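The data block below is work.cif; it holds mmCIF, C-alpha atoms and all ligand atoms.
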data_input
#
loop_
_atom_site.label_atom_id
_atom_site.label_comp_id
_atom_site.auth_asym_id
_atom_site.auth_seq_id
_atom_site.Cartn_x
_atom_site.Cartn_y
_atom_site.Cartn_z
CA MET A 3 -25.29 2.62 33.43
CA SER A 4 -24.97 5.10 30.57
CA GLU A 5 -22.08 4.73 28.11
CA PRO A 6 -18.97 6.81 28.82
CA GLU A 7 -18.60 9.93 26.65
CA LYS A 8 -16.47 9.25 23.56
CA THR A 9 -13.75 11.64 22.45
CA VAL A 10 -13.07 12.22 18.77
CA LEU A 11 -10.33 14.18 17.01
CA VAL A 12 -11.66 15.93 13.89
CA THR A 13 -9.01 17.24 11.51
CA GLY A 14 -10.33 19.96 9.23
CA GLY A 15 -13.27 20.38 11.60
CA ALA A 16 -13.40 24.11 10.75
CA GLY A 17 -14.01 23.35 7.07
CA TYR A 18 -17.24 22.77 5.16
CA VAL A 19 -17.93 19.04 5.60
CA GLY A 20 -15.84 18.82 8.78
CA SER A 21 -17.80 21.51 10.62
CA HIS A 22 -21.11 19.82 9.80
CA CYS A 23 -19.71 16.59 11.16
CA VAL A 24 -18.56 18.34 14.34
CA ALA A 25 -22.08 19.72 14.81
CA ALA A 26 -23.57 16.24 14.35
CA LEU A 27 -21.06 14.66 16.76
CA LEU A 28 -21.88 17.24 19.44
CA GLU A 29 -25.60 16.71 18.88
CA ARG A 30 -25.01 12.99 19.58
CA GLY A 31 -23.07 13.60 22.81
CA TYR A 32 -19.47 13.14 21.66
CA ARG A 33 -16.61 15.22 23.05
CA VAL A 34 -14.85 16.82 20.08
CA VAL A 35 -11.37 18.24 19.57
CA VAL A 36 -10.85 20.00 16.22
CA PHE A 37 -7.37 20.17 14.71
CA ASP A 38 -7.24 22.70 11.87
CA ASP A 39 -4.65 25.09 10.41
CA LEU A 40 -7.48 27.50 9.43
CA SER A 41 -5.93 27.91 5.97
CA GLN A 42 -9.30 27.10 4.46
CA GLY A 43 -11.52 26.58 7.47
CA HIS A 44 -13.09 29.17 9.77
CA ALA A 45 -12.75 29.36 13.55
CA GLN A 46 -16.34 30.65 13.68
CA ALA A 47 -17.53 27.35 12.19
CA VAL A 48 -16.40 25.53 15.35
CA PRO A 49 -18.93 25.80 18.18
CA PRO A 50 -17.67 26.66 21.67
CA GLU A 51 -18.54 23.18 22.93
CA ALA A 52 -15.72 21.78 20.79
CA GLU A 53 -12.06 22.49 21.55
CA LEU A 54 -10.17 24.06 18.63
CA VAL A 55 -6.44 23.36 18.33
CA ARG A 56 -4.76 25.36 15.61
CA GLY A 57 -1.97 23.45 13.92
CA THR A 58 -0.85 21.78 10.75
CA LEU A 59 -0.82 18.06 10.06
CA LEU A 60 2.45 18.60 8.20
CA ASP A 61 4.11 19.09 11.60
CA ARG A 62 4.72 15.51 12.70
CA GLU A 63 5.64 16.50 16.26
CA ALA A 64 2.55 18.65 16.72
CA VAL A 65 0.30 15.86 15.50
CA ALA A 66 1.98 13.31 17.76
CA ASP A 67 1.61 15.75 20.67
CA VAL A 68 -2.12 16.36 20.17
CA MET A 69 -2.75 12.67 19.70
CA SER A 70 -0.80 11.55 22.76
CA LYS A 71 -2.54 14.07 25.03
CA GLY A 72 -6.05 13.45 23.73
CA ARG A 73 -6.94 9.82 24.63
CA PHE A 74 -9.08 9.69 21.51
CA ASP A 75 -11.48 6.90 20.70
CA ALA A 76 -11.41 7.77 17.02
CA VAL A 77 -10.11 10.18 14.40
CA LEU A 78 -12.18 11.76 11.64
CA HIS A 79 -9.93 13.16 8.95
CA PHE A 80 -11.26 15.94 6.72
CA ALA A 81 -8.27 18.28 6.42
CA ALA A 82 -7.06 18.24 2.83
CA ARG A 83 -6.81 20.23 -0.34
CA SER A 84 -9.68 19.26 -2.60
CA LEU A 85 -9.66 21.07 -5.95
CA VAL A 86 -9.16 18.99 -9.08
CA GLY A 87 -7.99 21.92 -11.23
CA GLU A 88 -5.53 23.19 -8.62
CA SER A 89 -4.04 19.70 -8.34
CA MET A 90 -3.55 19.48 -12.12
CA ALA A 91 -1.64 22.78 -11.99
CA ASP A 92 0.44 21.83 -8.93
CA PRO A 93 0.45 18.07 -8.35
CA TRP A 94 3.35 18.32 -5.87
CA LEU A 95 1.28 20.46 -3.54
CA TYR A 96 -1.33 17.71 -3.39
CA PHE A 97 1.09 14.83 -2.95
CA ARG A 98 3.07 16.74 -0.34
CA GLU A 99 0.17 18.06 1.67
CA ASN A 100 -2.58 15.46 1.36
CA VAL A 101 -0.35 12.42 1.53
CA ALA A 102 2.20 13.64 4.09
CA SER A 103 -0.59 14.89 6.37
CA ALA A 104 -2.28 11.53 6.31
CA VAL A 105 0.99 9.71 7.02
CA ASN A 106 1.63 11.87 10.10
CA LEU A 107 -1.93 11.48 11.34
CA VAL A 108 -2.31 7.75 10.87
CA GLU A 109 1.16 7.05 12.26
CA ALA A 110 0.29 9.04 15.40
CA ALA A 111 -3.08 7.28 15.66
CA ALA A 112 -1.47 3.85 15.36
CA LYS A 113 1.24 4.68 17.89
CA THR A 114 -1.18 6.02 20.50
CA GLY A 115 -3.56 3.10 20.25
CA VAL A 116 -6.37 4.82 18.32
CA ARG A 117 -8.01 1.99 16.44
CA LYS A 118 -10.69 3.82 14.41
CA VAL A 119 -10.06 6.26 11.58
CA VAL A 120 -12.73 7.67 9.24
CA VAL A 121 -11.48 9.62 6.23
CA SER A 122 -12.93 11.77 3.46
CA SER A 123 -12.19 10.30 0.10
CA THR A 124 -13.62 11.32 -3.25
CA ALA A 125 -15.55 10.38 -6.39
CA ASN A 126 -12.46 11.57 -8.27
CA LEU A 127 -10.97 8.16 -7.44
CA PHE A 128 -13.00 6.84 -10.36
CA GLY A 129 -11.88 9.41 -12.97
CA THR A 130 -14.24 9.05 -15.93
CA PRO A 131 -15.99 5.74 -15.29
CA GLU A 132 -17.54 3.75 -18.11
CA ARG A 133 -20.78 2.93 -16.31
CA GLN A 134 -23.09 4.72 -13.93
CA PRO A 135 -24.04 4.71 -11.12
CA ILE A 136 -20.59 4.30 -9.61
CA ASP A 137 -20.45 1.56 -7.00
CA GLU A 138 -17.60 0.23 -4.89
CA GLU A 139 -16.68 -2.33 -7.57
CA THR A 140 -16.06 0.35 -10.20
CA ALA A 141 -12.43 0.34 -11.34
CA ILE A 142 -10.26 2.90 -9.59
CA ASP A 143 -8.48 5.22 -12.00
CA PRO A 144 -8.01 8.62 -10.34
CA GLY A 145 -8.91 11.60 -12.50
CA SER A 146 -6.27 13.96 -11.10
CA PRO A 147 -3.39 14.25 -8.61
CA TYR A 148 -6.07 15.17 -6.07
CA GLY A 149 -7.89 11.85 -6.62
CA GLU A 150 -4.56 10.01 -6.64
CA SER A 151 -3.54 11.60 -3.33
CA LYS A 152 -6.78 10.31 -1.79
CA TYR A 153 -6.19 6.88 -3.26
CA MET A 154 -2.69 6.84 -1.74
CA MET A 155 -4.32 7.62 1.59
CA GLU A 156 -6.79 4.77 1.13
CA ARG A 157 -3.95 2.36 0.31
CA MET A 158 -1.97 3.51 3.34
CA LEU A 159 -4.97 2.70 5.52
CA VAL A 160 -5.08 -0.85 4.16
CA TRP A 161 -1.56 -1.28 5.56
CA ALA A 162 -2.41 0.55 8.79
CA ASP A 163 -4.99 -2.19 9.37
CA ARG A 164 -2.68 -5.07 8.39
CA CYS A 165 0.36 -3.80 10.29
CA ALA A 166 -1.15 -2.00 13.26
CA GLY A 167 -4.80 -3.12 13.52
CA VAL A 168 -6.19 0.37 12.77
CA LYS A 169 -9.71 -0.04 11.35
CA SER A 170 -10.67 2.59 8.83
CA ALA A 171 -13.60 3.78 6.77
CA CYS A 172 -12.97 5.61 3.49
CA LEU A 173 -16.02 7.58 2.41
CA ARG A 174 -15.96 8.57 -1.23
CA TYR A 175 -18.04 11.73 -1.50
CA PHE A 176 -19.76 12.94 -4.60
CA ASN A 177 -20.89 16.60 -4.63
CA ALA A 178 -21.35 17.84 -1.06
CA ALA A 179 -24.02 20.54 -0.98
CA GLY A 180 -26.39 22.49 1.28
CA ALA A 181 -25.97 23.78 4.83
CA HIS A 182 -26.99 22.85 8.37
CA PRO A 183 -30.79 23.19 8.59
CA ASP A 184 -30.45 25.62 11.52
CA GLY A 185 -28.49 28.06 9.32
CA ARG A 186 -25.55 28.39 11.76
CA ILE A 187 -22.91 26.84 9.52
CA GLY A 188 -22.61 26.50 5.78
CA GLU A 189 -20.37 26.60 2.73
CA ASP A 190 -17.74 29.34 2.49
CA HIS A 191 -14.71 28.80 0.26
CA THR A 192 -12.19 31.38 -0.94
CA PRO A 193 -12.18 31.43 -3.88
CA GLU A 194 -15.57 29.81 -4.33
CA THR A 195 -15.59 27.40 -7.28
CA HIS A 196 -18.63 25.22 -6.52
CA LEU A 197 -21.78 25.41 -8.54
CA ILE A 198 -24.51 25.84 -5.92
CA PRO A 199 -22.97 28.73 -3.93
CA LEU A 200 -22.08 30.50 -7.18
CA VAL A 201 -25.61 30.05 -8.54
CA LEU A 202 -27.03 31.45 -5.30
CA ASP A 203 -24.68 34.43 -5.49
CA ALA A 204 -26.06 35.10 -8.97
CA ALA A 205 -29.62 34.84 -7.57
CA ALA A 206 -28.70 37.31 -4.83
CA GLY A 207 -27.25 39.77 -7.36
CA ARG A 208 -23.74 39.37 -5.96
CA ARG A 209 -22.61 38.06 -9.34
CA SER A 210 -23.90 39.24 -12.70
CA HIS A 211 -24.53 35.67 -13.97
CA ILE A 212 -23.53 32.05 -13.69
CA GLU A 213 -21.31 30.60 -16.38
CA ILE A 214 -22.21 27.08 -17.51
CA TYR A 215 -19.02 25.19 -18.24
CA GLY A 216 -20.03 23.59 -21.52
CA ASP A 217 -23.43 22.55 -22.90
CA ASP A 218 -22.23 20.04 -25.48
CA TYR A 219 -21.81 17.00 -23.22
CA PRO A 220 -23.56 13.72 -24.08
CA THR A 221 -26.30 14.31 -21.47
CA PRO A 222 -30.04 15.06 -21.93
CA ASP A 223 -29.59 18.87 -21.88
CA GLY A 224 -25.89 18.95 -22.79
CA THR A 225 -24.68 20.09 -19.35
CA CYS A 226 -22.78 17.96 -16.83
CA VAL A 227 -24.71 15.73 -14.45
CA ARG A 228 -23.63 15.44 -10.82
CA ASP A 229 -24.90 13.76 -7.66
CA TYR A 230 -25.52 16.44 -4.99
CA VAL A 231 -25.61 15.02 -1.48
CA HIS A 232 -26.53 17.09 1.55
CA VAL A 233 -23.64 17.84 3.88
CA SER A 234 -25.70 16.82 6.96
CA ASP A 235 -26.35 13.45 5.30
CA LEU A 236 -22.61 13.08 4.82
CA ALA A 237 -22.11 13.90 8.51
CA ASP A 238 -24.69 11.28 9.47
CA ALA A 239 -22.86 8.66 7.37
CA HIS A 240 -19.58 9.40 9.19
CA ILE A 241 -21.13 8.87 12.59
CA ARG A 242 -22.91 5.66 11.56
CA VAL A 243 -19.71 4.25 10.16
CA LEU A 244 -17.72 5.35 13.20
CA GLU A 245 -20.09 3.48 15.48
CA MET A 246 -19.74 0.17 13.58
CA LEU A 247 -15.98 0.34 13.02
CA GLU A 248 -14.88 -2.39 15.45
CA THR A 249 -14.01 -5.44 13.42
CA ARG A 250 -13.23 -4.55 9.81
CA SER A 251 -12.19 -1.71 7.55
CA VAL A 252 -14.74 -0.50 4.98
CA ARG A 253 -15.15 1.90 2.06
CA TYR A 254 -18.42 3.35 0.82
CA ASN A 255 -19.55 5.60 -1.98
CA LEU A 256 -21.77 8.40 -0.74
CA GLY A 257 -24.24 10.21 -2.94
CA ASN A 258 -27.96 10.67 -3.41
CA GLY A 259 -27.98 8.21 -6.28
CA GLN A 260 -29.78 10.80 -8.39
CA GLY A 261 -28.05 12.96 -10.98
CA TYR A 262 -28.95 16.57 -11.78
CA SER A 263 -27.60 18.61 -14.66
CA VAL A 264 -26.10 22.08 -14.27
CA ARG A 265 -29.23 23.51 -15.92
CA GLN A 266 -31.47 21.57 -13.53
CA VAL A 267 -29.54 23.00 -10.57
CA ILE A 268 -30.02 26.52 -11.92
CA GLU A 269 -33.76 25.93 -12.48
CA ALA A 270 -34.11 24.51 -8.96
CA ALA A 271 -32.32 27.57 -7.54
CA GLU A 272 -34.73 29.83 -9.45
CA ARG A 273 -37.68 27.97 -7.90
CA VAL A 274 -36.23 28.09 -4.39
CA THR A 275 -35.15 31.75 -4.46
CA GLY A 276 -38.00 33.03 -6.63
CA ARG A 277 -35.43 35.04 -8.59
CA PRO A 278 -34.24 34.84 -12.19
CA ILE A 279 -30.63 33.66 -12.59
CA PRO A 280 -28.79 35.02 -15.65
CA VAL A 281 -26.76 32.37 -17.45
CA LYS A 282 -23.93 32.45 -19.98
CA VAL A 283 -22.62 29.33 -21.67
CA GLY A 284 -18.83 29.12 -21.66
CA PRO A 285 -16.29 26.49 -22.64
CA ARG A 286 -15.89 23.18 -20.87
CA ARG A 287 -13.79 23.09 -17.70
CA ALA A 288 -10.78 20.81 -18.05
CA GLY A 289 -11.15 17.46 -16.36
CA ASP A 290 -14.97 17.50 -15.96
CA PRO A 291 -16.55 14.09 -16.73
CA ALA A 292 -20.04 14.30 -18.31
CA VAL A 293 -21.80 12.30 -15.59
CA LEU A 294 -20.91 11.33 -12.01
CA VAL A 295 -23.65 9.54 -10.07
CA ALA A 296 -23.05 7.35 -7.02
CA SER A 297 -24.55 4.07 -6.04
CA SER A 298 -24.84 4.21 -2.25
CA GLU A 299 -26.56 0.82 -2.08
CA GLN A 300 -23.80 -0.73 0.00
CA ILE A 301 -23.96 1.79 2.86
CA ARG A 302 -27.76 1.72 2.71
CA LYS A 303 -27.78 -2.06 3.07
CA GLU A 304 -25.02 -2.41 5.63
CA LEU A 305 -25.62 0.64 7.84
CA GLY A 306 -29.18 1.67 7.02
CA TRP A 307 -28.01 5.07 5.83
CA THR A 308 -30.51 6.98 3.73
CA PRO A 309 -30.32 10.66 2.84
CA LYS A 310 -32.70 12.86 4.83
CA PHE A 311 -32.38 15.50 2.09
CA PRO A 312 -32.81 13.54 -1.14
CA ASP A 313 -34.60 16.42 -2.88
CA LEU A 314 -32.50 18.98 -4.78
CA ASP A 315 -34.86 21.89 -3.99
CA ASN A 316 -34.55 21.11 -0.26
CA ILE A 317 -30.77 20.91 -0.47
CA ILE A 318 -30.63 24.27 -2.24
CA ALA A 319 -33.12 25.77 0.24
CA THR A 320 -30.74 25.05 3.14
CA ALA A 321 -27.82 26.59 1.22
CA TRP A 322 -29.98 29.65 0.42
CA ALA A 323 -31.00 30.09 4.08
CA TRP A 324 -27.33 30.08 5.12
CA ARG A 325 -26.39 32.47 2.31
CA GLN A 326 -29.17 34.90 3.15
CA ALA A 327 -28.36 34.90 6.85
CA ASN A 328 -24.61 35.21 6.11
CA PRO A 329 -24.13 37.06 2.82
CA GLU A 330 -20.43 37.55 3.61
CA GLY A 331 -20.07 33.99 4.88
CA TYR A 332 -17.99 33.66 8.04
CA ARG A 333 -16.28 37.02 7.40
CA GLY A 334 -19.60 38.64 8.19
CA LYS A 335 -19.74 36.70 11.44
CA VAL A 336 -16.33 38.11 12.46
CA ALA A 337 -17.49 41.63 11.71
CA ALA A 338 -20.72 41.14 13.62
CA ALA A 339 -18.81 39.77 16.62
CA ALA A 340 -16.37 42.72 16.54
CA GLU A 341 -19.08 45.39 16.54
N1 LIG C 1 -20.05 24.33 -12.96
C1 LIG C 1 -20.46 25.29 -13.88
N2 LIG C 1 -20.22 26.60 -13.59
C2 LIG C 1 -19.61 27.02 -12.44
C3 LIG C 1 -19.20 26.03 -11.51
C4 LIG C 1 -19.43 24.69 -11.80
O1 LIG C 1 -21.02 24.96 -14.94
O2 LIG C 1 -19.41 28.24 -12.26
C5 LIG C 1 -20.31 22.90 -13.24
C6 LIG C 1 -19.06 22.04 -13.30
O3 LIG C 1 -18.55 22.02 -14.61
C7 LIG C 1 -19.59 20.67 -12.86
C8 LIG C 1 -20.74 21.02 -11.90
O4 LIG C 1 -21.06 22.39 -12.17
O5 LIG C 1 -20.14 19.98 -13.96
C9 LIG C 1 -20.35 20.89 -10.44
O6 LIG C 1 -19.12 21.57 -10.24
P1 LIG C 1 -18.50 21.83 -8.82
O7 LIG C 1 -17.25 22.64 -9.02
O8 LIG C 1 -19.54 22.38 -7.91
O9 LIG C 1 -18.15 20.37 -8.26
P2 LIG C 1 -17.25 19.19 -8.89
O10 LIG C 1 -18.18 18.37 -9.74
O11 LIG C 1 -16.13 19.82 -9.66
O12 LIG C 1 -16.81 18.47 -7.68
#

Would you mind writing the structure in this file as structure tokens?
Amino acid sequence: MSEPEKTVLVTGGAGYVGSHCVAALLERGYRVVVFDDLSQGHAQAVPPEAELVRGTLLDREAVADVMSKGRFDAVLHFAARSLVGESMADPWLYFRENVASAVNLVEAAAKTGVRKVVVSSTANLFGTPERQPIDEETAIDPGSPYGESKYMMERMLVWADRCAGVKSACLRYFNAAGAHPDGRIGEDHTPETHLIPLVLDAAAGRRSHIEIYGDDYPTPDGTCVRDYVHVSDLADAHIRVLEMLETRSVRYNLGNGQGYSVRQVIEAAERVTGRPIPVKVGPRRAGDPAVLVASSEQIRKELGWTPKFPDLDNIIATAWAWRQANPEGYRGKVAAAAE
């Protein structure tokens, strides 16, 4: 007899990482309900096979309502604010929204008998670590109110397990990058602050140049080094972890394990697009550590997870395919649908 279909609630499923996870869940036969306030996500990023419920996690009643009607086997929680700089300027926004949302969600999960919760956490938990690569034993010292809000969420989940038996997985992402290989969904933030989409906009002539935020860091070429992990590989990690989450709560760092400098990203984008990318060197951006590289050894060993897109050129090629097919991002998709 085949296994019964599993139903999963995905908060923030209309956002960048969330929508790629929804696609991967559907590809593996899950039934998916997306809960999203569409403040940052895009309805067009949710395929028709998934149900989209528009609502905010800050509304405790609404969350309890969705959860009690859904008979969910698990919750995947992506909905959150995620910009370090914004959180430094307005820490209260991050504590209010990221923490209160998680409280409402996990409380509703616990009270309706949902025993599996997988959440997006962040490399910002580790602030500016003394050694690289960053593994799960690295001291936690959040680099911003954003990182702290995610750490509060992680701590809350420890107690959700002890008090209510909710098993959780906290996945600490490094730099999510790329787009679904079929080009249907991709990265579209307003405003866009991330390196790869901005570099590709410069390649496409939609921006005059890319500004490098500082070239005097203690790295081989003076620019910051980051660990870019493909968004479909992140999605795969969520589903693997979801399927093992019966007996214990876990936390894993998720990256490629390979660092690339800002200049290396720009050079890779020039190779992939075949276009020159004008560069200007500007000042450092506040709060940027010189190097952030993950050790994903633990999830490799325990769940057999390995990135399918370890190569930076390949990652950028998927982002470029999405960008070329959707130069206006999801806005273009609305316009096309309205014509
Ligand atoms: N960066 C840059 N110019 C830009 C955007 C980003 O030099 O216009 C650098 C940034 O300082 C960091 C790296 O690119 O070292 C990745 O930044 P991003 O904002 O994509 O991700 P983060 O590391 O902040 O999560």

Just want the residues within 8 Å of ligand LIG 1 (chain C), written as a ChimeraX atom specification, counting all atoms listed in the file.
/A:85-86,176-177,195-198,200-201,212-216,225-228,263-264,286-287,290-292,294

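Each of A:Gln134, A:Ser103, A:Ser122, A:Asn328 was compared to Ala239 (chain A) using all atoms listed in the file, and A:Ser122 turns out to be the nearest.
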
When distances are computed from only C-alpha atoms, which of A:Pro131, A:Gly15, A:Gly87, A:Pro312 shows the smallest separation from Asp143 (chain A)?
A:Pro131

Pick out the residues sitting within 10 Å of Gly31 (chain A), and hand them over as a PDB file with C-alpha atoms, in the coordinates of the input; count all atoms listed in the file, and ignore anything fewer than 2 positions along from it in its own chain.
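Saved file result38.pdb follows:
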ATOM      1  CA  PRO A   6     -18.970   6.810  28.820  1.00  0.00           C
ATOM      2  CA  GLU A   7     -18.600   9.930  26.650  1.00  0.00           C
ATOM      3  CA  LYS A   8     -16.470   9.250  23.560  1.00  0.00           C
ATOM      4  CA  THR A   9     -13.750  11.640  22.450  1.00  0.00           C
ATOM      5  CA  ALA A  26     -23.570  16.240  14.350  1.00  0.00           C
ATOM      6  CA  LEU A  27     -21.060  14.660  16.760  1.00  0.00           C
ATOM      7  CA  LEU A  28     -21.880  17.240  19.440  1.00  0.00           C
ATOM      8  CA  GLU A  29     -25.600  16.710  18.880  1.00  0.00           C
ATOM      9  CA  ARG A  33     -16.610  15.220  23.050  1.00  0.00           C
ATOM     10  CA  VAL A  34     -14.850  16.820  20.080  1.00  0.00           C
TER      11      VAL A  34
END

Between CA of Asp203 (chain A) and CA of Ala296 (chain A), what distance in Å does the model show, to one decimal?
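Between CA of Asp203 (chain A) and CA of Ala296 (chain A) the gap works out to 27.2 Å.
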
Report the distance between CA of Thr192 (chain A) and CA of Lys310 (chain A) in Å, rounded to one decimal place.
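CA of Lys310 (chain A) lies at a distance of 28.2 Å from CA of Thr192 (chain A).
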
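Using only C-alpha atoms, the smallest distance between any of A:Ser210, A:Ser21, A:Ser84, A:Thr13 and Met69 (chain A) comes from A:Thr13.
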
Contacts of Ala112 (chain A) at 8 Å (all atoms listed in the file; same-chain gap of 2+ positions) as a VMD selection string:
chain A and resid 108 to 110 114 to 117 162 166 to 168

Between A:Ser234, A:Thr58, A:Thr140, A:Thr130, which residue has the minimum interatomic distance to Cys23 (chain A), considering all atoms listed in the file?
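For Cys23 (chain A), the nearest of the candidates is A:Ser234.
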